[in-house]
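Okay, so here's the structure we're looking at.
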Amino acid sequence: MSAVIENHHDDHHHGPDKGLMRWVLTTNHKDIGTLYLWFSFAMFLTGGCMALVIRAELFQPGLQLVVPEFFNQMTTMHGLIMVFGAVMPAFVGLANWLVPMMIGAPDMALPRMNNYSFWILPFAFSMLLSTLFMEGGAPNFGWTFYAPLSTEYAPPSVTFFIFAVHLMGISSIMGSINVVVTILNLRAPGMRLMDMPLFVWTWLITAYLLIAVMPVLAGVVTMMLMDIHFGTAFFSAGGGGDPVLFQHVFWFFGHPEVYIMILPAFGIVSAIIPTFARKKLFGYDSMVYATASIAFLSFIVWAHHMFTVGMPIAGELYFMYATMLIAVPTGVKVFNWAATMWQGSMTFETPMLFAVAFVILFTIGGLSGLMLSIVPADFQYHDTYFVVAHFHYVLVPGSIFSIMAAAYYWLPKWTGNMYDETLGKTHFWLSFVGVNVTFFPQHFIGLAGMPRRYPDYALQFADWNMVSSVGAFIFGFSQLLFLFIVIKCIMGGKKATDEVWEGAEGLEWTIASPAPYHTFSTPPELPERSMA
Amino acid sequence: MARKESKVGEGQRLKTSLQWLIALAALSSSWQALADWSALNMTKGVTAISREVYDLHMLIFTICVVIGVLVFGVMIWSMLVHRKSLGHEPATFSHSTKLEYAWTIIPIFILIGMAVPATSTLRDMYDASGADIDIEVRGYQWKWQYTYLSDDPTQEVKFISSLLTPPDEYYNRTPKREHYLSDVDNPLVIPINKRVRFLITSNDVIHSWWVPDFAVKKDAIPGFVHEAWAIVEEPGIYRGKCTELCGKDHGFMPIVVKAVEQAEYESWLAMKQQEALQVYETVGKTWTMAELMETGEQVYAQACQSCHQANGQGIPPAFPSLVGQGLAIGPVDAHIDIVVNGKAGSAMQAFAAQLNPAEIAAVVTYERNAWGNNVGDLVQPRAVNALISSEE
């Protein structure tokens, strides 16, 4: 469509720098998006290796490979790395690449800050990973780091963990401010908020969630730091504090955090399904309102993670009812996706396969979440593998599948080449089978009574643990195929058209493939009134 | 991008995928026949409350399955039929106010249908009427202590319950026996058909006391006491677990509750009270080195070994070595003191709450004279008792 003509002066270069310094100094949203995506993939493999250590140990009853001390370090680091290193940076990477191209902006609004917010991350994670080599080992108190296990009883490396979390928080807050400022100020003339693609909408809401809750996380780790080094007793009953206060503050951050990791996924799927169904997204307005409702509700349900701490019945009932309410807007979204597919003209290229699997498997995770909200039943589910199955269903075939769907969907735009469709589908089916074989049996293990974070287990759990471990290795190793497919696509392949997908709508498909280094230096003319 | 395929090819593909589905269903049903049902679903348990919880679980589960089948059914139907390869033309609708109202409002009624029975079960669980027996459940890294509370302190029965499975089994040196990781040395004993109240707390980090058959799971939180209760209807042995990550041996502190007839419970309790009296008498007697070393070794294995290891080498820096260094070969008073009072800010507990003076004397003697440590001195229980009494 409209090839963008660069409007530049002679003293002003328009291509990327050469060599390493291009990446260190870059303020280009596409470069930074690429950095974020590669970083998150590296972390995904790192956290994945840790998951495989866990699953290998749990393949059989007995301690075969690791001792319990190290097992606890693996569960802790796996959680922290996947949440803060893999899922969140991947979404920020996608936001960097896509938000400016979707709203017709030349770049992010605050490009230098964009550079900082990325480059903090390698330092934060080097610091976190370095704790594995310290005396006393890495953090071993679970990714939820409940006090006093994480304060009075923590290994010395906890201080490095605290500062690593601080750095991640700073990076996230800067990234979010950038997204908010970009979306509110740099939309192409004439694009109203309700004209924005849903990915932009979901990221706008996510960014507000991040700005609201990352300081709470920073607060709680700072209170830990004070308890450990400066003699305060926020979380120590012996000094007049309360260990449960930690959990309230942590989950006030933690629950919105869960939605931070899923709202952008909703946006991605809402872009992909209409394209491959060749039909407009059903219920755009209700999608926006549902996302906003979910974000609001996420602030008032935190204690449903804590039903067993001994809250009074009024508290338990309130948090149960509020949590159940989340099912309503989430249901609206799932019904809207189903209605978008209904009566469409569907084809099933790799992005669509991942997107449809997302809708189905995320819904399974949502339904088990509804079961978990029922307090009396939660007393039996809480802290068992049922919970592990639940949140992995929303995070792996949820968030991770959406990220992979996004990668396949926009790769041709980023690289100018089509990926290998056969390999892509192979990757999908291996991942789909692997994920379900890994996590579905964990529902059984949990209901039968196996608690989470156990390095070893009673004999009645042996069969399904073995099945789950086999699935984990299938899923884990299939991700190397993904790496191969992406590299192959970058190196070459069938040239992509500008539109790439028949039926794709949105400003990013109006620019050349691969996307030029600078796009929309002059604002685009909106092709029609509604971009949604 | 879409590849054109003939309708015949599509039909064949449908047929093969149908065959696959049937094969899968057959496979899963044969698995179900093979697998024990208790390995797949929540236990019904042995209390009125646990059965209520089970029914609630099955109700919600059924509702979720029905919703899932309907939604996924629509999606799968659509994926099979509304395909470009079958020549299906896309419709143009993108909005339906009626439909959107329907699928916002109908779920609210379904949720109310779930919330009503859930609320009533929860109210039953929170029923705080008086109990027949009060038992304090105290979590330690990594064992449980049970105290049968009584108005008369001399009648109070208190004991530690810890894992029975030996390390040889979990390190795969000997075969794993029945109740692997699910058996303890001293189970909690309660009478059936009595309302037993558990007062749950912790001495160090947060633990969680879970017995699935009673539908009781309550966090054990240092500095706070929370209560739960059960009326067990059938005699039997019920096994549970710690469900809050509490450090390295989180997976190695099971719970065993033995529910017995009232008469059996009473004679058991009387026996325990008698035992406590005997222990009290041993404190006054003068022990020989051999007696102290023998008892000390047993106490060490039960109370100290999980951190300081069987060979005394510990796991530094969290759990220091006791061999040839530190308090174990230093002044004896300081050695007794750290065992009695623990060390603040570390995993070293105050064992005065868990061990009697004779056991403390024995284990201190053992540590000073085992693994090549040969300080040679011997600690009498009355010395330990004097230290504890002087602090009180």
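Numbering starts fresh at 1 for the residues of each chain in the structure tokens, the chains themselves are lettered A, B, ... in the order given, and ligands are numbered from 1 as they appear.
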
Task: Per-residue DSSP, region 301-456 of chain A, filtered to helix (DSSP H, G or I), as a count of residues only - done: 124

Using only C-alpha atoms, find each residue in chain B having at least one atom no more than 6 Å away from chain A; report its shortest atom-to-atom pair and that distance in Å (one decimal), rows by chain then rising number, as a tab-separated table.
```
residue	atom	partner	partner_atom	distance
B:Ala39	CA	A:Ala448	CA	5.1
B:Leu40	CA	A:Phe444	CA	4.4
B:Asn41	CA	A:Leu447	CA	5.0
B:Met42	CA	A:Leu447	CA	4.6
B:Val53	CA	A:Ala377	CA	5.7
B:His57	CA	A:Ala377	CA	5.8
B:Cys64	CA	A:Leu367	CA	5.9
B:Met75	CA	A:Ala338	CA	5.8
B:Ser78	CA	A:Trp342	CA	5.5
B:His82	CA	A:Ser345	CA	5.4
B:Arg83	CA	A:Met346	CA	4.3
B:Lys84	CA	A:Ser345	CA	4.5
B:His88	CA	A:Ser345	CA	5.4
B:Glu89	CA	A:Ser345	CA	5.5
B:Pro90	CA	A:Gly344	CA	4.2
B:Ala91	CA	A:Gln343	CA	5.6
B:Ser94	CA	A:Phe282	CA	4.3
B:His95	CA	A:Gly283	CA	5.1
B:Leu122	CA	A:Pro376	CA	5.7
B:Tyr170	CA	A:Gly62	CA	4.5
B:Tyr171	CA	A:Leu63	CA	5.4
B:Tyr180	CA	A:Ala458	CA	5.5
B:Leu181	CA	A:Ala458	CA	5.6
B:Val205	CA	A:Leu149	CA	5.5
B:Lys217	CA	A:Phe379	CA	5.7
B:Lys218	CA	A:Thr308	CA	5.1
B:Asp219	CA	A:Val309	CA	5.2
B:Gly223	CA	A:Ala237	CA	5.0
B:Thr243	CA	A:Pro451	CA	5.5
B:Lys248	CA	A:Glu69	CA	5.0
B:Gly251	CA	A:Tyr454	CA	4.9
B:Pro317	CA	A:Gly136	CA	5.9
B:Gly345	CA	A:Glu152	CA	5.3
```

Shell of 10 Å around Leu98 (chain A), only C-alpha atoms, local chain residues under 3 positions omitted, as a short mmCIF file (atom, residue, chain, number, x, y, z; two decimals) with C-alpha atoms, in the first residue's frame:
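The result, stored in part27.cif:
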```cif
data_model
loop_
_atom_site.label_atom_id
_atom_site.label_comp_id
_atom_site.auth_asym_id
_atom_site.auth_seq_id
_atom_site.Cartn_x
_atom_site.Cartn_y
_atom_site.Cartn_z
CA HIS A 29 11.23 0.77 18.72
CA LYS A 30 11.75 -2.11 16.29
CA GLY A 33 11.28 -4.86 20.38
CA VAL A 92 6.77 -5.63 26.10
CA GLY A 93 8.72 -6.66 23.01
CA LEU A 94 5.52 -7.17 21.07
CA ALA A 95 4.21 -3.82 22.31
CA MET A 101 2.86 0.42 13.78
CA MET A 102 -0.75 -0.18 14.79
CA ILE A 103 -1.52 3.42 15.75
CA GLY A 104 0.51 5.03 12.96
CA ASP A 107 8.24 5.36 17.32
CA PHE A 199 -3.94 -5.36 21.15
CA VAL A 200 -3.36 -1.65 21.73
CA TRP A 410 3.87 -10.88 12.58
CA TRP A 414 9.19 -8.13 10.72
CA LEU A 507 -2.13 -0.13 9.80
CA GLU A 508 0.81 -2.51 10.24
#
```

Task: From A:Asn465, A:Ser130, A:Ser431, A:Asn114, residue lying nearest Gln479 (chain A) [only C-alpha atoms] - done: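 Of the candidates, the smallest distance to Gln479 (chain A) is held by A:Ser431.
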
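Closest approach to Asn374 (chain B) among B:Val339, B:Val323, B:Met79, B:Ala344 is made by B:Val323 (distances from only C-alpha atoms).
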
TODO: Name the residues of region 40-250 of chain B that fall into strand (DSSP E) according to DSSP on the backbone, using the chain letters and numbers of this document, as a VMD selection string.
DONE: chain B and resid 133 to 140 143 to 148 157 to 161 188 to 191 195 to 202 207 to 211 216 to 220 226 to 231 236 to 242

Please produce a file of the residues just selected, as a compact mmCIF listing (two decimals), in the first residue's frame, where the atoms kept are N, CA and C atoms.
```
# COMPACT_ATOMS: atom_id res chain seq x y z
N ILE B 133 -12.66 -32.13 72.50
CA ILE B 133 -11.22 -32.27 72.73
C ILE B 133 -10.51 -31.14 71.99
N ASP B 134 -9.54 -30.53 72.67
CA ASP B 134 -8.72 -29.49 72.02
C ASP B 134 -7.30 -30.01 71.86
N ILE B 135 -6.82 -29.95 70.63
CA ILE B 135 -5.45 -30.39 70.39
C ILE B 135 -4.69 -29.26 69.71
N GLU B 136 -3.56 -28.88 70.30
CA GLU B 136 -2.73 -27.89 69.64
C GLU B 136 -1.85 -28.59 68.62
N VAL B 137 -1.86 -28.08 67.39
CA VAL B 137 -1.03 -28.62 66.32
C VAL B 137 0.02 -27.58 66.02
N ARG B 138 1.30 -27.93 66.24
CA ARG B 138 2.35 -26.92 66.08
C ARG B 138 3.32 -27.40 65.02
N GLY B 139 3.51 -26.61 63.98
CA GLY B 139 4.44 -26.97 62.92
C GLY B 139 5.86 -26.58 63.28
N TYR B 140 6.78 -27.47 62.98
CA TYR B 140 8.20 -27.18 63.11
C TYR B 140 8.84 -27.53 61.78
N LYS B 143 8.49 -31.21 61.13
CA LYS B 143 7.72 -32.22 61.87
C LYS B 143 6.56 -31.50 62.54
N TRP B 144 5.67 -32.27 63.11
CA TRP B 144 4.52 -31.70 63.80
C TRP B 144 4.59 -32.06 65.27
N GLN B 145 4.11 -31.13 66.10
CA GLN B 145 3.99 -31.43 67.52
C GLN B 145 2.53 -31.34 67.91
N TYR B 146 2.05 -32.36 68.60
CA TYR B 146 0.66 -32.38 69.03
C TYR B 146 0.60 -32.28 70.55
N THR B 147 -0.23 -31.37 71.07
CA THR B 147 -0.42 -31.24 72.50
C THR B 147 -1.90 -31.39 72.82
N TYR B 148 -2.22 -32.37 73.67
CA TYR B 148 -3.61 -32.55 74.09
C TYR B 148 -3.83 -31.62 75.27
N VAL B 157 -0.69 -34.14 77.44
CA VAL B 157 0.14 -35.05 76.65
C VAL B 157 0.68 -34.30 75.45
N LYS B 158 1.99 -34.44 75.22
CA LYS B 158 2.63 -33.65 74.18
C LYS B 158 3.67 -34.52 73.50
N PHE B 159 3.63 -34.58 72.19
CA PHE B 159 4.68 -35.37 71.51
C PHE B 159 4.93 -34.85 70.10
N ILE B 160 6.09 -35.26 69.60
CA ILE B 160 6.49 -34.88 68.24
C ILE B 160 6.14 -36.02 67.30
N SER B 161 5.66 -35.66 66.12
CA SER B 161 5.32 -36.66 65.12
C SER B 161 6.15 -36.39 63.88
N LEU B 188 -1.19 -38.90 65.41
CA LEU B 188 -2.18 -38.23 66.25
C LEU B 188 -3.33 -39.20 66.45
N VAL B 189 -3.77 -39.38 67.70
CA VAL B 189 -4.86 -40.32 67.95
C VAL B 189 -6.08 -39.52 68.42
N ILE B 190 -7.21 -39.75 67.78
CA ILE B 190 -8.44 -39.05 68.20
C ILE B 190 -9.59 -40.05 68.26
N PRO B 191 -10.58 -39.76 69.10
CA PRO B 191 -11.74 -40.66 69.16
C PRO B 191 -12.73 -40.33 68.05
N ARG B 195 -16.27 -34.15 68.70
CA ARG B 195 -15.86 -32.94 68.01
C ARG B 195 -14.45 -32.56 68.48
N VAL B 196 -13.50 -32.75 67.60
CA VAL B 196 -12.11 -32.48 67.93
C VAL B 196 -11.71 -31.15 67.30
N ARG B 197 -11.21 -30.26 68.17
CA ARG B 197 -10.79 -28.96 67.64
C ARG B 197 -9.27 -28.93 67.52
N PHE B 198 -8.78 -28.51 66.36
CA PHE B 198 -7.34 -28.39 66.14
C PHE B 198 -6.97 -26.92 66.24
N LEU B 199 -6.06 -26.60 67.15
CA LEU B 199 -5.59 -25.21 67.27
C LEU B 199 -4.22 -25.17 66.62
N ILE B 200 -4.17 -24.52 65.46
CA ILE B 200 -3.02 -24.72 64.58
C ILE B 200 -2.10 -23.51 64.61
N THR B 201 -0.83 -23.76 64.86
CA THR B 201 0.15 -22.68 64.89
C THR B 201 1.50 -23.23 64.48
N SER B 202 2.50 -22.37 64.49
CA SER B 202 3.82 -22.80 64.04
C SER B 202 4.89 -22.18 64.91
N HIS B 207 3.59 -23.30 57.91
CA HIS B 207 3.29 -24.63 57.40
C HIS B 207 1.79 -24.66 57.14
N SER B 208 1.29 -25.77 56.65
CA SER B 208 -0.15 -25.88 56.50
C SER B 208 -0.55 -27.32 56.78
N TRP B 209 -1.52 -27.48 57.67
CA TRP B 209 -1.90 -28.81 58.15
C TRP B 209 -3.11 -29.29 57.37
N TRP B 210 -2.89 -30.31 56.56
CA TRP B 210 -3.95 -30.77 55.66
C TRP B 210 -4.23 -32.26 55.83
N VAL B 211 -5.48 -32.57 56.16
CA VAL B 211 -5.91 -33.97 56.15
C VAL B 211 -7.09 -34.04 55.17
N VAL B 216 -9.90 -30.64 56.07
CA VAL B 216 -9.30 -29.62 56.93
C VAL B 216 -7.95 -29.24 56.35
N LYS B 217 -7.82 -27.97 56.00
CA LYS B 217 -6.51 -27.45 55.62
C LYS B 217 -6.41 -26.05 56.20
N LYS B 218 -5.45 -25.87 57.09
CA LYS B 218 -5.32 -24.56 57.72
C LYS B 218 -3.85 -24.25 57.84
N ASP B 219 -3.48 -23.01 57.52
CA ASP B 219 -2.08 -22.63 57.62
C ASP B 219 -1.67 -22.53 59.08
N ALA B 220 -0.46 -23.02 59.35
CA ALA B 220 0.14 -22.91 60.68
C ALA B 220 1.08 -21.71 60.61
N HIS B 226 -4.88 -20.57 64.64
CA HIS B 226 -6.14 -20.68 63.91
C HIS B 226 -6.79 -22.00 64.24
N GLU B 227 -8.11 -22.05 64.13
CA GLU B 227 -8.75 -23.30 64.50
C GLU B 227 -9.46 -23.96 63.35
N ALA B 228 -9.55 -25.27 63.46
CA ALA B 228 -10.32 -26.08 62.52
C ALA B 228 -10.87 -27.24 63.34
N TRP B 229 -11.86 -27.92 62.81
CA TRP B 229 -12.41 -29.02 63.61
C TRP B 229 -12.90 -30.14 62.71
N ALA B 230 -13.09 -31.31 63.33
CA ALA B 230 -13.60 -32.46 62.59
C ALA B 230 -14.33 -33.39 63.55
N ILE B 231 -15.39 -33.99 63.03
CA ILE B 231 -16.03 -35.10 63.74
C ILE B 231 -15.88 -36.31 62.82
N GLY B 236 -10.15 -45.46 61.65
CA GLY B 236 -9.24 -45.69 60.52
C GLY B 236 -8.00 -44.84 60.64
N ILE B 237 -7.11 -45.02 59.68
CA ILE B 237 -5.88 -44.23 59.65
C ILE B 237 -5.97 -43.27 58.48
N TYR B 238 -5.87 -41.99 58.75
CA TYR B 238 -6.03 -40.98 57.71
C TYR B 238 -4.72 -40.22 57.55
N ARG B 239 -4.31 -40.08 56.30
CA ARG B 239 -2.99 -39.50 56.04
C ARG B 239 -3.11 -38.13 55.40
N GLY B 240 -2.24 -37.23 55.83
CA GLY B 240 -2.26 -35.89 55.26
C GLY B 240 -0.85 -35.39 55.06
N LYS B 241 -0.75 -34.11 54.65
CA LYS B 241 0.56 -33.57 54.28
C LYS B 241 0.66 -32.11 54.67
N CYS B 242 1.90 -31.63 54.70
CA CYS B 242 2.13 -30.19 54.84
C CYS B 242 1.95 -29.58 53.47
```

Open item on the list: Quick one: residues within 12 Å of Ala48 (chain B), only C-alpha atoms, excluding same-chain residues fewer than 6 positions away - as a ChimeraX atom specification?
Closed with: /B:54-55,121,124-125,193,195,213-216,229-234

TODO: Name all residues at most 12 Å from Ala358 (chain B) (count only C-alpha atoms; drop same-chain ones fewer than 5 positions away) and give them as a PyMOL selection string.
DONE: chain B and resi 278-288+291-296+299+336+340+352+363-365+378-386

Would you mind exporting the chosen residues as a short mmCIF file (atom, residue, chain, number, x, y, z; two decimals), in the first residue's frame, restricted to C-alpha atoms?
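Listed below is the output, result.cif:
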```
data_model
loop_
_atom_site.label_atom_id
_atom_site.label_comp_id
_atom_site.auth_asym_id
_atom_site.auth_seq_id
_atom_site.Cartn_x
_atom_site.Cartn_y
_atom_site.Cartn_z
CA GLN B 278 8.20 -41.88 83.65
CA VAL B 279 10.21 -39.42 81.59
CA TYR B 280 9.89 -36.95 84.40
CA GLU B 281 11.42 -39.51 86.77
CA THR B 282 14.37 -40.27 84.48
CA VAL B 283 15.51 -36.68 84.83
CA GLY B 284 16.46 -37.25 88.47
CA LYS B 285 18.49 -40.39 87.88
CA THR B 286 22.24 -40.47 87.17
CA TRP B 287 22.93 -41.71 83.65
CA THR B 288 25.99 -43.62 82.42
CA GLU B 291 23.11 -44.85 78.21
CA LEU B 292 23.51 -41.23 77.17
CA MET B 293 25.28 -42.14 73.93
CA GLU B 294 22.65 -44.70 73.00
CA THR B 295 19.70 -42.41 73.68
CA GLY B 296 21.60 -39.50 72.18
CA VAL B 299 17.42 -38.38 69.55
CA ILE B 336 23.39 -26.93 76.14
CA VAL B 340 17.66 -25.51 74.75
CA ALA B 352 13.33 -27.29 75.11
CA VAL B 363 22.00 -35.58 72.46
CA VAL B 364 24.49 -32.99 73.71
CA THR B 365 26.64 -35.80 75.11
CA LEU B 378 28.99 -36.17 79.94
CA VAL B 379 25.88 -34.13 80.65
CA GLN B 380 23.37 -35.27 83.24
CA PRO B 381 19.67 -34.54 82.66
CA ARG B 382 19.41 -32.73 85.96
CA ALA B 383 21.96 -30.14 84.75
CA VAL B 384 19.78 -29.43 81.74
CA ASN B 385 16.72 -29.30 83.95
CA ALA B 386 18.45 -26.82 86.26
#
```

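Restricting the calculation to only C-alpha atoms, the smallest distance between Met226 (chain A) and any of A:Thr497, A:Thr206, A:Thr182, A:Thr159 is found for A:Thr159.
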
TODO: Show which residues sit within 8 Å of Ala318 (chain B), as a ChimeraX atom specification. Count only C-alpha atoms, and ignore same-chain residues fewer than 2 positions away.
DONE: /A:136,155 /B:315-316,320,346-347
